[in-house]
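The file target.cif contains mmCIF, N, CA and C atoms:
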data_coords
#
loop_
_atom_site.label_atom_id
_atom_site.label_comp_id
_atom_site.auth_asym_id
_atom_site.auth_seq_id
_atom_site.Cartn_x
_atom_site.Cartn_y
_atom_site.Cartn_z
N MET A 10 0.85 -1.18 0.00
CA MET A 10 0.00 0.00 0.00
C MET A 10 0.89 1.24 0.00
N GLN A 11 0.51 2.22 -0.78
CA GLN A 11 1.30 3.45 -0.85
C GLN A 11 1.18 4.24 0.44
N THR A 12 2.25 4.96 0.75
CA THR A 12 2.30 5.75 1.98
C THR A 12 1.16 6.75 2.05
N GLU A 13 0.85 7.40 0.93
CA GLU A 13 -0.21 8.41 0.93
C GLU A 13 -1.57 7.79 1.26
N THR A 14 -1.84 6.61 0.70
CA THR A 14 -3.10 5.92 0.98
C THR A 14 -3.18 5.52 2.44
N LEU A 15 -2.09 4.96 2.96
CA LEU A 15 -2.05 4.57 4.36
C LEU A 15 -2.23 5.79 5.27
N THR A 16 -1.61 6.90 4.92
CA THR A 16 -1.75 8.13 5.69
C THR A 16 -3.21 8.59 5.71
N GLN A 17 -3.89 8.47 4.59
CA GLN A 17 -5.31 8.85 4.53
C GLN A 17 -6.15 7.96 5.44
N ILE A 18 -5.87 6.66 5.44
CA ILE A 18 -6.62 5.74 6.30
C ILE A 18 -6.41 6.13 7.76
N VAL A 19 -5.16 6.42 8.12
CA VAL A 19 -4.83 6.80 9.50
C VAL A 19 -5.53 8.10 9.88
N THR A 20 -5.43 9.11 9.04
CA THR A 20 -6.02 10.40 9.39
C THR A 20 -7.54 10.30 9.49
N HIS A 21 -8.17 9.52 8.61
CA HIS A 21 -9.62 9.34 8.69
C HIS A 21 -10.00 8.60 9.98
N ALA A 22 -9.20 7.60 10.36
CA ALA A 22 -9.47 6.87 11.61
C ALA A 22 -9.38 7.80 12.81
N LEU A 23 -8.42 8.71 12.80
CA LEU A 23 -8.27 9.66 13.89
C LEU A 23 -9.38 10.70 13.88
N GLU A 24 -9.72 11.20 12.71
CA GLU A 24 -10.79 12.20 12.60
C GLU A 24 -12.13 11.61 13.01
N ASP A 25 -12.37 10.33 12.67
CA ASP A 25 -13.63 9.67 13.04
C ASP A 25 -13.84 9.65 14.55
N MET A 26 -12.74 9.62 15.30
CA MET A 26 -12.82 9.54 16.76
C MET A 26 -12.53 10.89 17.41
N LYS A 27 -12.59 11.97 16.61
CA LYS A 27 -12.45 13.34 17.11
C LYS A 27 -11.07 13.64 17.70
N ALA A 28 -10.02 13.18 17.02
CA ALA A 28 -8.66 13.54 17.43
C ALA A 28 -8.50 15.05 17.32
N GLN A 29 -7.65 15.60 18.17
CA GLN A 29 -7.41 17.04 18.18
C GLN A 29 -6.02 17.33 17.61
N ASP A 30 -5.89 18.49 16.98
CA ASP A 30 -4.60 19.01 16.51
C ASP A 30 -3.83 17.96 15.71
N LEU A 31 -4.45 17.45 14.68
CA LEU A 31 -3.85 16.42 13.84
C LEU A 31 -2.78 17.01 12.93
N LYS A 32 -1.60 16.41 12.94
CA LYS A 32 -0.50 16.87 12.09
C LYS A 32 0.06 15.68 11.33
N VAL A 33 0.36 15.89 10.05
CA VAL A 33 1.01 14.89 9.21
C VAL A 33 2.34 15.48 8.78
N ILE A 34 3.41 14.75 9.04
CA ILE A 34 4.75 15.26 8.76
C ILE A 34 5.50 14.27 7.87
N ASP A 35 5.95 14.75 6.72
CA ASP A 35 6.76 13.95 5.81
C ASP A 35 8.20 13.97 6.32
N VAL A 36 8.72 12.82 6.70
CA VAL A 36 10.07 12.75 7.26
C VAL A 36 11.04 12.01 6.33
N ARG A 37 10.62 11.80 5.08
CA ARG A 37 11.53 11.17 4.11
C ARG A 37 12.75 12.07 3.95
N GLY A 38 13.89 11.46 3.93
CA GLY A 38 15.13 12.22 3.81
C GLY A 38 15.68 12.68 5.15
N LYS A 39 14.90 12.55 6.21
CA LYS A 39 15.35 12.96 7.55
C LYS A 39 15.65 11.75 8.42
N THR A 40 14.98 10.63 8.12
CA THR A 40 15.16 9.42 8.91
C THR A 40 14.87 8.21 8.02
N SER A 41 15.47 7.10 8.36
CA SER A 41 15.22 5.88 7.60
C SER A 41 14.17 5.00 8.27
N ILE A 42 13.64 5.42 9.41
CA ILE A 42 12.70 4.56 10.14
C ILE A 42 11.28 4.59 9.57
N THR A 43 10.91 5.67 8.92
CA THR A 43 9.55 5.80 8.37
C THR A 43 9.53 6.92 7.34
N ASP A 44 8.43 6.99 6.59
CA ASP A 44 8.24 8.06 5.62
C ASP A 44 7.39 9.20 6.17
N THR A 45 6.42 8.85 6.99
CA THR A 45 5.46 9.83 7.48
C THR A 45 5.19 9.62 8.95
N MET A 46 5.09 10.72 9.68
CA MET A 46 4.66 10.68 11.07
C MET A 46 3.34 11.41 11.17
N VAL A 47 2.42 10.79 11.89
CA VAL A 47 1.13 11.41 12.15
C VAL A 47 1.05 11.61 13.66
N ILE A 48 0.76 12.84 14.06
CA ILE A 48 0.70 13.19 15.48
C ILE A 48 -0.70 13.73 15.78
N ALA A 49 -1.29 13.21 16.85
CA ALA A 49 -2.63 13.65 17.23
C ALA A 49 -2.73 13.71 18.75
N THR A 50 -3.68 14.49 19.21
CA THR A 50 -3.89 14.65 20.65
C THR A 50 -5.26 14.09 21.02
N GLY A 51 -5.28 13.41 22.16
CA GLY A 51 -6.53 12.94 22.75
C GLY A 51 -6.81 13.72 24.01
N SER A 52 -8.07 13.84 24.36
CA SER A 52 -8.46 14.68 25.50
C SER A 52 -8.32 13.99 26.85
N SER A 53 -8.17 12.67 26.86
CA SER A 53 -8.02 11.91 28.10
C SER A 53 -7.28 10.61 27.78
N ASN A 54 -6.89 9.88 28.82
CA ASN A 54 -6.22 8.60 28.60
C ASN A 54 -7.12 7.66 27.80
N ARG A 55 -8.38 7.64 28.15
CA ARG A 55 -9.33 6.78 27.44
C ARG A 55 -9.45 7.20 25.98
N HIS A 56 -9.47 8.49 25.72
CA HIS A 56 -9.57 8.99 24.34
C HIS A 56 -8.32 8.63 23.56
N VAL A 57 -7.14 8.80 24.16
CA VAL A 57 -5.88 8.44 23.50
C VAL A 57 -5.90 6.96 23.12
N LYS A 58 -6.30 6.11 24.05
CA LYS A 58 -6.35 4.67 23.80
C LYS A 58 -7.36 4.35 22.69
N SER A 59 -8.53 4.98 22.71
CA SER A 59 -9.55 4.74 21.69
C SER A 59 -9.08 5.19 20.31
N LEU A 60 -8.39 6.32 20.25
CA LEU A 60 -7.86 6.79 18.97
C LEU A 60 -6.88 5.78 18.38
N ALA A 61 -5.95 5.32 19.20
CA ALA A 61 -4.96 4.35 18.74
C ALA A 61 -5.63 3.04 18.32
N GLU A 62 -6.60 2.58 19.10
CA GLU A 62 -7.31 1.34 18.76
C GLU A 62 -8.04 1.47 17.44
N ASN A 63 -8.62 2.64 17.16
CA ASN A 63 -9.31 2.84 15.90
C ASN A 63 -8.34 2.84 14.73
N VAL A 64 -7.17 3.42 14.91
CA VAL A 64 -6.13 3.37 13.87
C VAL A 64 -5.76 1.92 13.59
N LEU A 65 -5.53 1.15 14.64
CA LEU A 65 -5.19 -0.27 14.47
C LEU A 65 -6.30 -1.03 13.75
N ARG A 66 -7.53 -0.79 14.14
CA ARG A 66 -8.68 -1.49 13.54
C ARG A 66 -8.80 -1.15 12.06
N LYS A 67 -8.76 0.14 11.74
CA LYS A 67 -8.96 0.57 10.35
C LYS A 67 -7.82 0.13 9.44
N THR A 68 -6.60 0.16 9.93
CA THR A 68 -5.48 -0.28 9.09
C THR A 68 -5.51 -1.79 8.89
N LYS A 69 -5.89 -2.53 9.90
CA LYS A 69 -6.03 -3.99 9.74
C LYS A 69 -7.13 -4.32 8.74
N GLU A 70 -8.24 -3.58 8.80
CA GLU A 70 -9.33 -3.78 7.83
C GLU A 70 -8.86 -3.52 6.41
N ALA A 71 -7.89 -2.62 6.26
CA ALA A 71 -7.34 -2.29 4.94
C ALA A 71 -6.22 -3.25 4.53
N GLY A 72 -5.93 -4.23 5.39
CA GLY A 72 -4.92 -5.23 5.05
C GLY A 72 -3.51 -4.89 5.48
N VAL A 73 -3.36 -3.87 6.31
CA VAL A 73 -2.04 -3.47 6.80
C VAL A 73 -1.88 -3.97 8.23
N MET A 74 -0.90 -4.82 8.44
CA MET A 74 -0.63 -5.33 9.77
C MET A 74 0.44 -4.44 10.42
N PRO A 75 0.17 -3.90 11.58
CA PRO A 75 1.15 -3.04 12.24
C PRO A 75 2.37 -3.84 12.68
N LEU A 76 3.51 -3.17 12.67
CA LEU A 76 4.73 -3.79 13.19
C LEU A 76 4.66 -3.88 14.70
N GLY A 77 3.92 -2.96 15.31
CA GLY A 77 3.77 -2.98 16.75
C GLY A 77 3.13 -1.71 17.24
N SER A 78 2.80 -1.74 18.53
CA SER A 78 2.29 -0.54 19.18
C SER A 78 2.75 -0.58 20.63
N GLU A 79 2.87 0.61 21.20
CA GLU A 79 3.35 0.74 22.58
C GLU A 79 2.56 1.82 23.29
N GLY A 80 2.45 1.68 24.59
CA GLY A 80 1.87 2.72 25.43
C GLY A 80 0.41 2.59 25.73
N GLU A 81 -0.23 1.51 25.27
CA GLU A 81 -1.68 1.36 25.48
C GLU A 81 -2.03 1.27 26.96
N GLN A 82 -1.15 0.71 27.75
CA GLN A 82 -1.44 0.50 29.18
C GLN A 82 -1.72 1.84 29.90
N ASP A 83 -0.75 2.77 29.81
CA ASP A 83 -0.91 4.07 30.48
C ASP A 83 -1.70 5.05 29.63
N ALA A 84 -1.61 4.90 28.31
CA ALA A 84 -2.34 5.72 27.34
C ALA A 84 -2.09 7.22 27.50
N GLU A 85 -0.88 7.58 27.87
CA GLU A 85 -0.48 8.99 27.84
C GLU A 85 0.12 9.31 26.47
N TRP A 86 0.82 8.33 25.89
CA TRP A 86 1.42 8.44 24.57
C TRP A 86 1.39 7.04 23.98
N VAL A 87 0.58 6.85 22.95
CA VAL A 87 0.52 5.56 22.27
C VAL A 87 1.16 5.73 20.90
N LEU A 88 2.09 4.84 20.60
CA LEU A 88 2.78 4.83 19.31
C LEU A 88 2.30 3.61 18.54
N VAL A 89 1.90 3.83 17.29
CA VAL A 89 1.50 2.74 16.40
C VAL A 89 2.46 2.76 15.21
N ASP A 90 3.21 1.68 15.04
CA ASP A 90 4.19 1.57 13.96
C ASP A 90 3.60 0.79 12.81
N LEU A 91 3.34 1.48 11.71
CA LEU A 91 2.80 0.86 10.50
C LEU A 91 3.86 0.79 9.41
N ASN A 92 5.12 0.85 9.79
CA ASN A 92 6.29 0.82 8.93
C ASN A 92 6.44 2.15 8.17
N ASP A 93 5.68 2.36 7.10
CA ASP A 93 5.82 3.61 6.32
C ASP A 93 5.19 4.81 7.03
N VAL A 94 4.31 4.54 7.98
CA VAL A 94 3.65 5.60 8.75
C VAL A 94 3.76 5.24 10.23
N VAL A 95 4.24 6.18 11.02
CA VAL A 95 4.28 6.01 12.47
C VAL A 95 3.31 7.02 13.07
N VAL A 96 2.44 6.51 13.93
CA VAL A 96 1.38 7.33 14.52
C VAL A 96 1.68 7.56 16.00
N HIS A 97 1.63 8.82 16.43
CA HIS A 97 1.80 9.19 17.83
C HIS A 97 0.50 9.81 18.30
N VAL A 98 -0.13 9.21 19.31
CA VAL A 98 -1.34 9.78 19.89
C VAL A 98 -1.00 10.10 21.34
N MET A 99 -1.18 11.36 21.73
CA MET A 99 -0.70 11.82 23.03
C MET A 99 -1.73 12.66 23.77
N LEU A 100 -1.56 12.69 25.09
CA LEU A 100 -2.26 13.67 25.90
C LEU A 100 -1.66 15.05 25.62
N PRO A 101 -2.41 16.13 25.81
CA PRO A 101 -1.88 17.47 25.49
C PRO A 101 -0.58 17.79 26.21
N GLN A 102 -0.48 17.49 27.52
CA GLN A 102 0.73 17.85 28.26
C GLN A 102 1.94 17.04 27.80
N VAL A 103 1.73 15.81 27.37
CA VAL A 103 2.83 14.98 26.86
C VAL A 103 3.29 15.51 25.51
N ARG A 104 2.32 15.87 24.68
CA ARG A 104 2.66 16.42 23.36
C ARG A 104 3.42 17.74 23.49
N ASP A 105 2.98 18.59 24.39
CA ASP A 105 3.67 19.86 24.62
C ASP A 105 5.09 19.64 25.10
N PHE A 106 5.27 18.67 25.98
CA PHE A 106 6.59 18.41 26.55
C PHE A 106 7.57 17.90 25.50
N TYR A 107 7.17 16.92 24.69
CA TYR A 107 8.08 16.33 23.71
C TYR A 107 8.17 17.11 22.42
N ASN A 108 7.14 17.85 22.06
CA ASN A 108 7.14 18.75 20.90
C ASN A 108 7.76 18.11 19.66
N LEU A 109 7.22 16.99 19.23
CA LEU A 109 7.74 16.27 18.07
C LEU A 109 7.69 17.10 16.79
N GLU A 110 6.69 17.97 16.68
CA GLU A 110 6.60 18.81 15.49
C GLU A 110 7.86 19.66 15.31
N LYS A 111 8.34 20.24 16.37
CA LYS A 111 9.54 21.07 16.28
C LYS A 111 10.74 20.25 15.84
N LEU A 112 10.79 19.01 16.28
CA LEU A 112 11.89 18.13 15.92
C LEU A 112 11.86 17.76 14.44
N TRP A 113 10.67 17.49 13.89
CA TRP A 113 10.58 16.94 12.54
C TRP A 113 10.07 17.89 11.47
N LEU A 114 9.28 18.90 11.83
CA LEU A 114 8.67 19.78 10.83
C LEU A 114 9.63 20.88 10.42
N THR A 115 9.78 21.08 9.10
CA THR A 115 10.64 22.15 8.60
C THR A 115 9.79 23.34 8.18
N ASP A 116 10.43 24.48 8.01
CA ASP A 116 9.71 25.67 7.55
C ASP A 116 9.05 25.43 6.20
N GLU A 117 9.72 24.70 5.32
CA GLU A 117 9.19 24.41 4.00
C GLU A 117 7.89 23.63 4.08
N GLN A 118 7.81 22.67 4.99
CA GLN A 118 6.59 21.88 5.14
C GLN A 118 5.46 22.70 5.72
N ALA A 119 5.77 23.71 6.48
CA ALA A 119 4.75 24.52 7.13
C ALA A 119 4.09 25.50 6.16
N ARG A 120 4.74 25.76 5.00
CA ARG A 120 4.18 26.70 4.02
C ARG A 120 2.99 26.10 3.29
N PRO A 121 1.94 26.88 3.04
CA PRO A 121 0.78 26.35 2.32
C PRO A 121 1.13 26.07 0.85
N GLU A 122 0.49 25.08 0.28
CA GLU A 122 0.67 24.71 -1.12
C GLU A 122 -0.06 25.71 -2.00
N VAL A 123 0.52 26.03 -3.17
CA VAL A 123 -0.11 26.96 -4.08
C VAL A 123 -1.35 26.35 -4.71
N ASP A 124 -1.26 25.09 -5.18
CA ASP A 124 -2.39 24.41 -5.79
C ASP A 124 -3.22 23.75 -4.70
N GLU A 125 -4.31 24.39 -4.30
CA GLU A 125 -5.12 23.93 -3.17
C GLU A 125 -5.88 22.64 -3.46
N ASP A 126 -5.93 22.21 -4.74
CA ASP A 126 -6.64 20.98 -5.09
C ASP A 126 -5.72 19.76 -5.13
N SER A 127 -4.44 19.95 -4.95
CA SER A 127 -3.50 18.84 -5.05
C SER A 127 -3.55 17.96 -3.80
N PRO A 128 -3.17 16.68 -3.93
CA PRO A 128 -3.12 15.80 -2.75
C PRO A 128 -2.14 16.33 -1.70
N GLU A 129 -1.05 16.92 -2.15
CA GLU A 129 -0.07 17.48 -1.22
C GLU A 129 -0.68 18.60 -0.39
N ALA A 130 -1.54 19.41 -1.02
CA ALA A 130 -2.20 20.50 -0.30
C ALA A 130 -3.14 19.95 0.77
N ALA A 131 -3.82 18.86 0.46
CA ALA A 131 -4.72 18.25 1.45
C ALA A 131 -3.93 17.76 2.65
N ILE A 132 -2.80 17.14 2.40
CA ILE A 132 -1.95 16.67 3.50
C ILE A 132 -1.41 17.85 4.28
N ARG A 133 -1.00 18.90 3.59
CA ARG A 133 -0.48 20.08 4.30
C ARG A 133 -1.55 20.76 5.14
N ARG A 134 -2.81 20.76 4.66
CA ARG A 134 -3.89 21.33 5.46
C ARG A 134 -4.06 20.56 6.76
N LEU A 135 -3.85 19.27 6.73
CA LEU A 135 -3.94 18.47 7.94
C LEU A 135 -2.83 18.79 8.92
N ARG A 136 -1.71 19.30 8.40
CA ARG A 136 -0.57 19.62 9.25
C ARG A 136 -0.79 20.88 10.07
N ARG A 137 -1.69 21.73 9.63
CA ARG A 137 -1.90 23.00 10.31
C ARG A 137 -2.58 22.83 11.61
#
For this file, produce the structure as structure tokens.
Amino acid sequence: MQTETLTQIVTHALEDMKAQDLKVIDVRGKTSITDTMVIATGSSNRHVKSLAENVLRKTKEAGVMPLGSEGEQDAEWVLVDLNDVVVHVMLPQVRDFYNLEKLWLTDEQARPEVDEDSPEAAIRRLRR
């Protein structure tokens, strides 16, 4: 499955469960561990866990088996590794503390796309 398709499945799974502050970050060329990172915030431990579980359910339904997931027990930060896409679902205070966006997002990625109908523009809108 292409990274863009998998990213769409993940973002829809998160949006379906009312994830907050959803960001999609292209990390190709910055790391060899994945192509895309998706970061989302949940309003409570239960919400964080539900968001991650929905990502796992929807990706499995699409035929993608995760390499693994971590953090479900405490549900302050749940990581779902889908190989080409790594998903981080966090409580607000955990997300603020680790600030993954600052680590991975570049100024170029933060700029809006000129062609608002392109797939890249849709992904960039999710990053805002």
May I have the residues at most 8 Å from (-5.0, 3.1, 10.2) in the file's coordinates, counting only C-alpha atoms, as number ranges by chain?
A: 15-16, 18-22, 63-69, 71, 73
Matched chain/residue IDs from the PyMOL selection byres ((chain A and resi 53) around 8), as a ChimeraX atom specification:
/A:50-52,54-59,84-85,99-101
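The two atoms in question, atom C of Leu109 (chain A) and atom N of Ile42 (chain A), are spaced 15.0 Å apart.
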Return the single residue from A:Val103, A:Val47, A:Val94, A:Val33 that is closest to Thr12 (chain A), with distances computed using all atoms listed in the file.
A:Val94
Neighbourhood query: residues within 5 Å of (1.4, 2.8, 18.9), file coordinates, counting all atoms listed in the file; return as a short mmCIF file (atom, residue, chain, number, x, y, z; two decimals) with N, CA and C atoms, in the coordinates of the input.
data_model
loop_
_atom_site.label_atom_id
_atom_site.label_comp_id
_atom_site.auth_asym_id
_atom_site.auth_seq_id
_atom_site.Cartn_x
_atom_site.Cartn_y
_atom_site.Cartn_z
N SER A 78 2.80 -1.74 18.53
CA SER A 78 2.29 -0.54 19.18
C SER A 78 2.75 -0.58 20.63
N GLU A 79 2.87 0.61 21.20
CA GLU A 79 3.35 0.74 22.58
C GLU A 79 2.56 1.82 23.29
N VAL A 87 0.58 6.85 22.95
CA VAL A 87 0.52 5.56 22.27
C VAL A 87 1.16 5.73 20.90
N LEU A 88 2.09 4.84 20.60
CA LEU A 88 2.78 4.83 19.31
C LEU A 88 2.30 3.61 18.54
N VAL A 89 1.90 3.83 17.29
CA VAL A 89 1.50 2.74 16.40
C VAL A 89 2.46 2.76 15.21
N ASP A 90 3.21 1.68 15.04
CA ASP A 90 4.19 1.57 13.96
C ASP A 90 3.60 0.79 12.81
#
